[in-house]
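Trainee: I'd like to ask you about the structure that follows.
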Amino acid sequence: MRKLIFGFVFFLFTVITAQAQNKIDKVNITYGEEITDDKGKIFKIIGEANNKIYTLVTKGSDFFLKVFDSKAMKQLSLNKIVLPEIKDKDLEFEEVVLMNDKLYVIGSVYHRKEKKFTLVGISVTENGVLSQNMTTLFESIVAKSSDRGGFYFRKSPDDQMLLIMHTALFEKEDAMKYEIKFFDENLRTAFSTEDKVSYDDNKKDYQFTISDFDVNTKDDVFLVVNEGYRDKKKKEKVEKVELHIFKKDNAYKKEVVKIDIVDKEIINCKMLATSKNDVKLSGFFSSVRENGKANKELKGIYNITVNLANNTAENVKFNEFDHPTKVKLLGERRANKGKDVKPLYNIHTIIEKNDGGLIVISEFQTVYIGQKQGIGPFGLQPITYTMNEMIVNSLKPDGSLEWSNVVAKEQSATVTVATFNFFAGSTSGSFNVAVGLAIPLGMMGKGPEYLSAIPIYRNGQLNILFNDNVKNKGITDIEKIKSMGNYNNAVPTLFIFDDKGNITRKDPEEVIKNELVIRPGVYQRKNDNEYLIYASRKSKDKLGRMILED
């Protein structure tokens with residue numbers, strides 16, 4: 001009897017402590033059954049439909065579709081993605097999308113002789129089995145193999161439509177071509193456009209970037225292009241931003257809004273099509289010297305609001321970082337000397353606030369490629385991903401700065417992979433496609449997904465969840481935090497922001513040894529209070545559901 005009582009008490013203690021780590025303030029996490037097969041790690045949660053959760057798994061060079069029951073989150077099926085050939089050439093995996101309960105695998109192939117880059121979609125049954133039905137989505141003619149560019153994907157806000165863009169450089173024509181297509185749930189083309197944007201790279205310090213593209217709730221499509229150069233005669237920096245607009249109600253006729261900026265350099269530009277019938281362009285900017293050369297460091301954050309009712313640029317605002325924020329990022333001494341912030345921050349997330357303003361979250365991100373180890377094709381290369389502090393800027397509806405703060409964290413993960421060209425396809429000299437840059441597929445599932453954070457915005461309040469060192473409990477001061485260290489030993493923490501940007505840190509009441517660790521790089525937002533997540537530790541892993549309670 002005593003053994004029975006002890007066993008019950010031990011079981012009860014285990015359940016209570018497990019719940020303690022899986023609940024932080026109003027965030028409650030429940031997990032499904034442990035995943036027992038050894039077919040790699042989940043690196044994407046595709047979505048939920050037909051009472052099933054669809055996920056994408058990688059192991060080695062292979063990809064698998066893993067399907068779970070929605071309620072119990074237990075595994076139902078596992079199917080390897082075997083892509084067919086087109087004209088005796090293998091398709092390369094590109095993406096998996098779920099639209100209105102319909103699942104598709106998307107693959108590409110390049111035909112060298114025709115200089116044609118083909119993209120196709122293949123339907124998948126609700127059990128995760130590829131069908132024989134294949135739809136050609138793109139047959140893009142390019143200049144040459146090395147300039148064939150890439151494909152980029154966006155879902156519409158209601159998950160009913162798929163927007164795909166292909167970009168390619170035509171160097172001899174001094175032009176960058178973009179081709180955009182909008183597909184419905186049956187992969188029928190609702191809209192398509194193709195254009196070549198000319199450039200003049202004879203100008204000083206020339207940069208040309210296809211910065212971002214997006215779709216709004218009205219199924220209007222947007223593309224932003226940025227061209228920058230230095231006018232040597234006038235000793236000034238010139239930035240030309242163009243928003244290309246394709247409105248459904250105007251039969252997708254192309255409209256262009258031009259924004260000219262002088263004596264500031266646009267470092268990056270991200271776009272958000274809001275619910276207020278406007279488009280917000282936001283990013284970092286740099287100051288410029290007297291001779292027109294840019295300083296290349298981050299002076300602050302800008303916001304450009306384009307009113308879609310009359311296609312005019314309104315409220316062009318440049319907000320410099322305030323002193324308290326610079327002290328947190330640079331230290332007191334450098335901030336007092338007026339130093340600017342190093343250009344090592346990428347925009348992580350842009351959130352539309354309830355009042356029509358924005359929350360722009362950026363993150364310190366670097367990639368260090370180590371020295372190759374080994375000889376020839378068997379060479380291996382260590383790659384270290386670092387994702388440290390996050391800058392959070394809250395902007396008013398007119399684009400001016402409301403408040404700023406910094407999320408103190410220090411995270412890194414090293415991946416060892418076969419030698420390859422890490423930057424292939426993303427840049428070419430003065431030309432850049434800035435959309436869709438992410439961790440390459442070959443590195444997914446190997447550690448970088450434990451880094452970064454999950455932003456949660458509900459009822460006007462921002463929460464940021466991330467993995468941290470257990471020794472940082474209660475600490476928000478960037479000068480006092482310790483590195484996360486080994487991600488297998490990390491614990492979740494929650495930073496809660498009030499309406500003035502002040503941070504309250506919440507940690508688990510108890511820490512359980514060998515508990516599963518959330519992978520912030522693998523989640524899917526169902527709505528403003530429900531997220532599908534994935535957690536693992538070494539060989540153990542589970543799918544979970546994270547709820548933000550009222």
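Simple scheme: letters A, B, ... for chains in structure tokens order, numbers from 1 for residues in each chain, numbers from 1 for ligands in the order shown.
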DSSP on the backbone: which residues in region 261-425 of chain A end up as strand (DSSP E or B)? Give the answer as a PyMOL selection string.
Mentor: chain A and resi 261-262+265-266+270-273+278-286+288+294+298+300-307+312-320+341+345-352+358-369+373+380-395+401-407+411-418
Trainee: Taking only residues of region 93-184 of chain A that have an atom at most 12 Å from an atom of region 517-526 of chain A, what is each one's shortest atom pair and its distance in Å to one decimal, using only C-alpha atoms, in chain and number order, as CSV?
Mentor:
```
residue,atom,partner,partner_atom,distance
A:Pro157,CA,A:Lys526,CA,11.4
A:Asp158,CA,A:Lys526,CA,10.9
A:Asp159,CA,A:Lys526,CA,10.7
```
Trainee: Kindly indicate which residue among A:Lys115, A:Gln132, A:His348, A:Leu98 lies nearest to Glu85 (chain A), using only C-alpha atoms for the distances.
Mentor: A:Gln132
Trainee: Got a sec to tell me which of region 229-448 of chain A DSSP assigns to alpha helix (DSSP H), as a ChimeraX atom specification?
Mentor: /A:323-330,332-336
Trainee: Output the selection as a short mmCIF file (atom, residue, chain, number, x, y, z; two decimals), in the first residue's frame - all heavy atoms for each residue.
Mentor:
```cif
data_model
loop_
_atom_site.label_atom_id
_atom_site.label_comp_id
_atom_site.auth_asym_id
_atom_site.auth_seq_id
_atom_site.Cartn_x
_atom_site.Cartn_y
_atom_site.Cartn_z
N HIS A 323 17.99 57.89 -26.84
CA HIS A 323 19.21 57.63 -26.07
C HIS A 323 19.12 56.37 -25.21
O HIS A 323 20.07 55.57 -25.20
CB HIS A 323 19.55 58.86 -25.21
CG HIS A 323 20.87 58.73 -24.50
ND1 HIS A 323 22.09 58.81 -25.15
CD2 HIS A 323 21.16 58.51 -23.19
CE1 HIS A 323 23.07 58.65 -24.28
NE2 HIS A 323 22.53 58.47 -23.08
N PRO A 324 18.02 56.13 -24.47
CA PRO A 324 17.96 54.91 -23.66
C PRO A 324 18.11 53.63 -24.48
O PRO A 324 18.74 52.67 -24.03
CB PRO A 324 16.57 54.99 -23.01
CG PRO A 324 16.26 56.45 -22.97
CD PRO A 324 16.86 57.01 -24.22
N THR A 325 17.54 53.62 -25.69
CA THR A 325 17.67 52.44 -26.56
C THR A 325 19.12 52.26 -27.01
O THR A 325 19.65 51.15 -27.01
CB THR A 325 16.74 52.57 -27.79
OG1 THR A 325 15.38 52.68 -27.34
CG2 THR A 325 16.88 51.36 -28.69
N LYS A 326 19.77 53.37 -27.38
CA LYS A 326 21.17 53.28 -27.81
C LYS A 326 22.08 52.85 -26.67
O LYS A 326 23.06 52.13 -26.89
CB LYS A 326 21.62 54.62 -28.40
CG LYS A 326 20.91 54.97 -29.71
CD LYS A 326 21.39 56.27 -30.30
CE LYS A 326 22.75 56.16 -30.93
NZ LYS A 326 23.15 57.35 -31.68
N VAL A 327 21.77 53.26 -25.45
CA VAL A 327 22.57 52.82 -24.31
C VAL A 327 22.49 51.30 -24.16
O VAL A 327 23.50 50.63 -23.91
CB VAL A 327 22.09 53.52 -23.01
CG1 VAL A 327 22.73 52.86 -21.78
CG2 VAL A 327 22.46 54.99 -23.05
N LYS A 328 21.29 50.74 -24.34
CA LYS A 328 21.12 49.29 -24.23
C LYS A 328 21.85 48.54 -25.34
O LYS A 328 22.37 47.45 -25.14
CB LYS A 328 19.63 48.93 -24.24
CG LYS A 328 18.88 49.42 -23.02
CD LYS A 328 17.38 49.21 -23.16
CE LYS A 328 16.64 49.82 -21.99
NZ LYS A 328 15.18 49.71 -22.13
N LEU A 329 21.90 49.13 -26.52
CA LEU A 329 22.51 48.46 -27.67
C LEU A 329 24.02 48.69 -27.75
O LEU A 329 24.76 47.80 -28.20
CB LEU A 329 21.86 48.95 -28.97
CG LEU A 329 20.36 48.68 -29.13
CD1 LEU A 329 19.83 49.36 -30.37
CD2 LEU A 329 20.08 47.18 -29.18
N LEU A 330 24.49 49.87 -27.33
CA LEU A 330 25.89 50.25 -27.53
C LEU A 330 26.68 50.38 -26.23
O LEU A 330 27.91 50.34 -26.26
CB LEU A 330 25.97 51.59 -28.27
CG LEU A 330 25.32 51.66 -29.66
CD1 LEU A 330 25.31 53.11 -30.14
CD2 LEU A 330 26.06 50.79 -30.64
N GLU A 332 26.78 52.86 -22.43
CA GLU A 332 26.68 54.28 -22.08
C GLU A 332 27.73 55.13 -22.78
O GLU A 332 27.44 56.20 -23.33
CB GLU A 332 26.82 54.43 -20.55
CG GLU A 332 26.59 55.83 -20.04
CD GLU A 332 25.12 56.18 -19.89
OE1 GLU A 332 24.35 55.32 -19.43
OE2 GLU A 332 24.76 57.31 -20.27
N ARG A 333 28.97 54.65 -22.81
CA ARG A 333 30.06 55.47 -23.36
C ARG A 333 29.87 55.73 -24.84
O ARG A 333 29.98 56.88 -25.29
CB ARG A 333 31.40 54.76 -23.11
CG ARG A 333 32.63 55.59 -23.54
CD ARG A 333 33.91 54.86 -23.18
NE ARG A 333 34.03 53.60 -23.90
CZ ARG A 333 34.52 53.50 -25.14
NH1 ARG A 333 34.94 54.58 -25.78
NH2 ARG A 333 34.60 52.33 -25.72
N ARG A 334 29.59 54.69 -25.63
CA ARG A 334 29.43 54.87 -27.07
C ARG A 334 28.17 55.66 -27.40
O ARG A 334 28.15 56.45 -28.34
CB ARG A 334 29.41 53.51 -27.77
CG ARG A 334 30.77 52.81 -27.76
CD ARG A 334 30.70 51.44 -28.45
NE ARG A 334 30.27 51.54 -29.85
CZ ARG A 334 31.05 51.88 -30.86
NH1 ARG A 334 32.34 52.16 -30.63
NH2 ARG A 334 30.58 51.94 -32.08
N ALA A 335 27.11 55.43 -26.62
CA ALA A 335 25.86 56.16 -26.85
C ALA A 335 26.07 57.66 -26.59
O ALA A 335 25.57 58.51 -27.34
CB ALA A 335 24.75 55.62 -25.97
N ASN A 336 26.82 57.99 -25.55
CA ASN A 336 27.07 59.40 -25.22
C ASN A 336 27.92 60.09 -26.28
O ASN A 336 27.88 61.31 -26.44
CB ASN A 336 27.76 59.52 -23.86
CG ASN A 336 26.81 59.21 -22.72
OD1 ASN A 336 25.60 59.29 -22.89
ND2 ASN A 336 27.36 58.88 -21.56
#
```
Trainee: Between CA of Pro448 (chain A) and CA of Gly300 (chain A), what is the spacing in Å?
Mentor: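 If I compute the distance from CA of Gly300 (chain A) to CA of Pro448 (chain A), I get 27.9 Å.
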Trainee: Measuring between only C-alpha atoms, which one of A:Ser412, A:Thr55, A:Ser287, A:Asn28 shows the shortest distance to Tyr534 (chain A)?
Mentor: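 Nearest candidate to Tyr534 (chain A) out of A:Ser412, A:Thr55, A:Ser287, A:Asn28: A:Thr55.
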Trainee: Can you tell me which residues surround region 505-510 of chain A at a distance of at most 8 Å, considering only C-alpha atoms, apart from same-chain residues fewer than 4 positions away, and format the answer as a list of chain:residue names?
Mentor: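 After dropping sequence-adjacent residues, the list is A:Thr17, A:Ala20, A:Gln21, A:Asn22, A:Lys23, A:Ile24, A:Asp25, A:Lys473, A:Gly474, A:Ile475, A:Thr476, A:Val491, A:Pro492, A:Thr493, A:Leu494, A:Phe495, A:Ile496.
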Trainee: Find the residue from A:Asp219, A:Lys253, A:Glu236, A:Ile391 that sits nearest to Leu298 (chain A); use only C-alpha atoms when measuring.
Mentor: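 The shortest atom-to-atom distance to Leu298 (chain A) comes from A:Ile391.
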Trainee: Using only C-alpha atoms, which protein or nucleic acid residues come within 7 Å of Glu297 (chain A)? Drop anything in the same chain fewer than 4 positions from it, and give the result as a PyMOL selection string.
Mentor: chain A and resi 286+340-343
Trainee: For the residues in that selection, give me N, CA, C and O atoms as a PDB file, in the first residue's frame.
Mentor:
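So the final result, stored in again.pdb, reads:
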```
ATOM      1  N   SER A 286      20.190  55.026 -42.609  1.00  0.00           N
ATOM      2  CA  SER A 286      21.521  55.475 -42.203  1.00  0.00           C
ATOM      3  C   SER A 286      21.661  56.963 -42.489  1.00  0.00           C
ATOM      4  O   SER A 286      21.044  57.497 -43.418  1.00  0.00           O
ATOM      5  N   ASP A 340      26.370  55.351 -33.863  1.00  0.00           N
ATOM      6  CA  ASP A 340      25.178  54.692 -34.381  1.00  0.00           C
ATOM      7  C   ASP A 340      25.296  53.180 -34.219  1.00  0.00           C
ATOM      8  O   ASP A 340      26.362  52.646 -33.910  1.00  0.00           O
ATOM      9  N   VAL A 341      24.203  52.493 -34.472  1.00  0.00           N
ATOM     10  CA  VAL A 341      24.105  51.049 -34.253  1.00  0.00           C
ATOM     11  C   VAL A 341      24.625  50.293 -35.478  1.00  0.00           C
ATOM     12  O   VAL A 341      24.375  50.682 -36.621  1.00  0.00           O
ATOM     13  N   LYS A 342      25.369  49.213 -35.239  1.00  0.00           N
ATOM     14  CA  LYS A 342      25.904  48.413 -36.338  1.00  0.00           C
ATOM     15  C   LYS A 342      24.756  47.816 -37.171  1.00  0.00           C
ATOM     16  O   LYS A 342      23.721  47.430 -36.624  1.00  0.00           O
ATOM     17  N   PRO A 343      24.952  47.693 -38.496  1.00  0.00           N
ATOM     18  CA  PRO A 343      23.869  47.201 -39.373  1.00  0.00           C
ATOM     19  C   PRO A 343      23.750  45.672 -39.352  1.00  0.00           C
ATOM     20  O   PRO A 343      23.840  45.013 -40.391  1.00  0.00           O
TER      21      PRO A 343
END
```
Trainee: So, counting only C-alpha atoms, which residue among A:Asn463, A:Glu33, A:Thr416, A:Asp38 is closest to Met73 (chain A)?
Mentor: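 Going through A:Asn463, A:Glu33, A:Thr416, A:Asp38 one by one, the smallest distance to Met73 (chain A) is for A:Glu33.
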Trainee: Give me, as a CSV table (one decimal) with N, CA and C atoms, in the first residue's frame, all polymer residues having an atom no more than 9 Å from region 182-185 of chain A, counting only C-alpha atoms and skipping those fewer than 2 positions away in the same chain.
Mentor:
```csv
chain,number,residue,atom,x,y,z
A,98,LEU,N,-0.8,24.9,-47.9
A,98,LEU,CA,-2.2,24.4,-47.6
A,98,LEU,C,-3.1,25.6,-47.9
A,99,MET,N,-4.1,25.4,-48.8
A,99,MET,CA,-5.1,26.4,-49.1
A,99,MET,C,-6.5,25.9,-49.1
A,100,ASN,N,-7.3,26.4,-48.2
A,100,ASN,CA,-8.7,26.0,-48.1
A,100,ASN,C,-8.8,24.4,-48.1
A,101,ASP,N,-8.0,23.8,-47.2
A,101,ASP,CA,-8.0,22.4,-46.9
A,101,ASP,C,-7.4,21.6,-48.1
A,102,LYS,N,-6.8,22.3,-49.0
A,102,LYS,CA,-6.1,21.6,-50.1
A,102,LYS,C,-4.6,21.7,-50.0
A,103,LEU,N,-3.9,20.6,-50.1
A,103,LEU,CA,-2.4,20.6,-49.9
A,103,LEU,C,-1.7,20.3,-51.2
A,137,LEU,N,3.0,26.0,-63.0
A,137,LEU,CA,2.8,27.3,-62.4
A,137,LEU,C,3.6,28.4,-63.2
A,159,ASP,N,-5.7,32.7,-46.2
A,159,ASP,CA,-5.1,31.4,-46.5
A,159,ASP,C,-5.9,30.7,-47.7
A,160,GLN,N,-6.6,31.5,-48.5
A,160,GLN,CA,-7.3,31.0,-49.6
A,160,GLN,C,-6.6,31.1,-51.0
A,161,MET,N,-5.5,31.9,-51.0
A,161,MET,CA,-4.8,32.2,-52.3
A,161,MET,C,-3.3,32.1,-52.0
A,162,LEU,N,-2.6,31.9,-53.1
A,162,LEU,CA,-1.1,31.8,-53.0
A,162,LEU,C,-0.5,32.8,-54.0
A,163,LEU,N,0.4,33.6,-53.5
A,163,LEU,CA,1.1,34.6,-54.3
A,163,LEU,C,2.5,34.1,-54.5
A,164,ILE,N,3.0,34.0,-55.8
A,164,ILE,CA,4.3,33.6,-56.0
A,164,ILE,C,5.0,34.6,-56.9
A,165,MET,N,6.3,34.9,-56.6
A,165,MET,CA,7.1,35.8,-57.4
A,165,MET,C,8.4,35.1,-57.9
A,180,ILE,N,5.0,37.9,-61.3
A,180,ILE,CA,4.2,37.6,-60.2
A,180,ILE,C,2.9,36.9,-60.7
A,187,LEU,N,-5.1,26.0,-57.9
A,187,LEU,CA,-3.9,26.4,-58.6
A,187,LEU,C,-4.3,27.0,-60.0
A,188,ARG,N,-5.4,27.6,-60.1
A,188,ARG,CA,-5.8,28.4,-61.3
A,188,ARG,C,-5.3,29.8,-61.1
A,189,THR,N,-4.8,30.4,-62.2
A,189,THR,CA,-4.2,31.7,-62.1
A,189,THR,C,-5.3,32.8,-62.1
A,190,ALA,N,-5.3,33.6,-61.0
A,190,ALA,CA,-6.3,34.7,-60.9
A,190,ALA,C,-5.7,36.0,-61.4
A,191,PHE,N,-4.4,36.1,-61.4
A,191,PHE,CA,-3.7,37.3,-61.9
A,191,PHE,C,-2.3,37.0,-62.2
A,192,SER,N,-1.7,37.6,-63.2
A,192,SER,CA,-0.3,37.4,-63.5
A,192,SER,C,0.2,38.7,-64.1
A,219,ASP,N,-7.3,41.0,-51.8
A,219,ASP,CA,-6.6,40.3,-52.9
A,219,ASP,C,-5.9,41.3,-53.8
A,221,VAL,N,-2.4,43.2,-54.8
A,221,VAL,CA,-1.0,42.7,-54.8
A,221,VAL,C,-0.1,43.9,-54.8
```
Trainee: From the list A:Tyr104, A:Phe285, A:Phe153, A:Tyr252, which residue is nearest Asp212 (chain A) when using only C-alpha atoms?
Mentor: A:Phe153
Trainee: Please provide the set of residues having any atom within 6 Å of region 395-407 of chain A, restricted to only C-alpha atoms, with same-chain residues fewer than 4 positions apart removed, written as an MDAnalysis selection string.
Mentor: chainID A and resid 303 315 317 356:358 389:391 501
Trainee: Keeping N, CA and C atoms for every residue in the selection just given, could you write it to a file as a PDB file, in the first residue's frame?
Mentor:
```
ATOM      1  N   ASN A 303       9.184  55.110 -41.504  1.00  0.00           N
ATOM      2  CA  ASN A 303       7.876  54.583 -41.878  1.00  0.00           C
ATOM      3  C   ASN A 303       7.290  55.441 -42.984  1.00  0.00           C
ATOM      4  N   ASN A 315       2.734  60.868 -44.638  1.00  0.00           N
ATOM      5  CA  ASN A 315       3.436  60.645 -43.367  1.00  0.00           C
ATOM      6  C   ASN A 315       4.750  59.885 -43.526  1.00  0.00           C
ATOM      7  N   LYS A 317       8.091  59.383 -42.275  1.00  0.00           N
ATOM      8  CA  LYS A 317       8.703  59.705 -40.989  1.00  0.00           C
ATOM      9  C   LYS A 317      10.039  58.973 -40.822  1.00  0.00           C
ATOM     10  N   GLY A 356      -3.948  51.214 -35.596  1.00  0.00           N
ATOM     11  CA  GLY A 356      -3.495  51.514 -36.951  1.00  0.00           C
ATOM     12  C   GLY A 356      -2.011  51.780 -37.061  1.00  0.00           C
ATOM     13  N   GLY A 357      -1.321  51.824 -35.933  1.00  0.00           N
ATOM     14  CA  GLY A 357       0.139  51.949 -35.964  1.00  0.00           C
ATOM     15  C   GLY A 357       0.798  50.600 -36.151  1.00  0.00           C
ATOM     16  N   LEU A 358       2.107  50.554 -35.957  1.00  0.00           N
ATOM     17  CA  LEU A 358       2.869  49.322 -36.159  1.00  0.00           C
ATOM     18  C   LEU A 358       3.734  49.014 -34.947  1.00  0.00           C
ATOM     19  N   GLU A 389      19.880  40.146 -29.128  1.00  0.00           N
ATOM     20  CA  GLU A 389      18.832  41.045 -28.667  1.00  0.00           C
ATOM     21  C   GLU A 389      17.898  41.487 -29.790  1.00  0.00           C
ATOM     22  N   MET A 390      16.682  41.837 -29.390  1.00  0.00           N
ATOM     23  CA  MET A 390      15.664  42.317 -30.323  1.00  0.00           C
ATOM     24  C   MET A 390      15.310  43.762 -29.978  1.00  0.00           C
ATOM     25  N   ILE A 391      15.232  44.610 -31.009  1.00  0.00           N
ATOM     26  CA  ILE A 391      14.780  45.987 -30.843  1.00  0.00           C
ATOM     27  C   ILE A 391      13.287  46.023 -31.155  1.00  0.00           C
ATOM     28  N   GLY A 501       5.664  50.471 -23.337  1.00  0.00           N
ATOM     29  CA  GLY A 501       6.866  49.748 -23.720  1.00  0.00           C
ATOM     30  C   GLY A 501       7.654  49.163 -22.567  1.00  0.00           C
TER      31      GLY A 501
END
```
Trainee: Given only C-alpha atoms as the basis, pick out the residue of A:Asp249, A:Asp550, A:Glu352, A:Asp37 nearest to Thr274 (chain A).
Mentor: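 Going through A:Asp249, A:Asp550, A:Glu352, A:Asp37 one by one, the smallest distance to Thr274 (chain A) is for A:Glu352.
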Trainee: Show which residues sit within 7 Å of Val417 (chain A), as a PyMOL selection string. Count only C-alpha atoms, and ignore same-chain residues fewer than 6 positions away.
Mentor: chain A and resi 380-382
Trainee: Go ahead and compute the interatomic distance for CA of Lys87 (chain A) and CA of Ser123 (chain A), in Å to one decimal.
Mentor: 19.8 Å
Trainee: What is the CA of His244 (chain A) to CA of Leu223 (chain A) distance in Å?
Mentor: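 Calculated distance between CA of His244 (chain A) and CA of Leu223 (chain A) is 5.0 Å.
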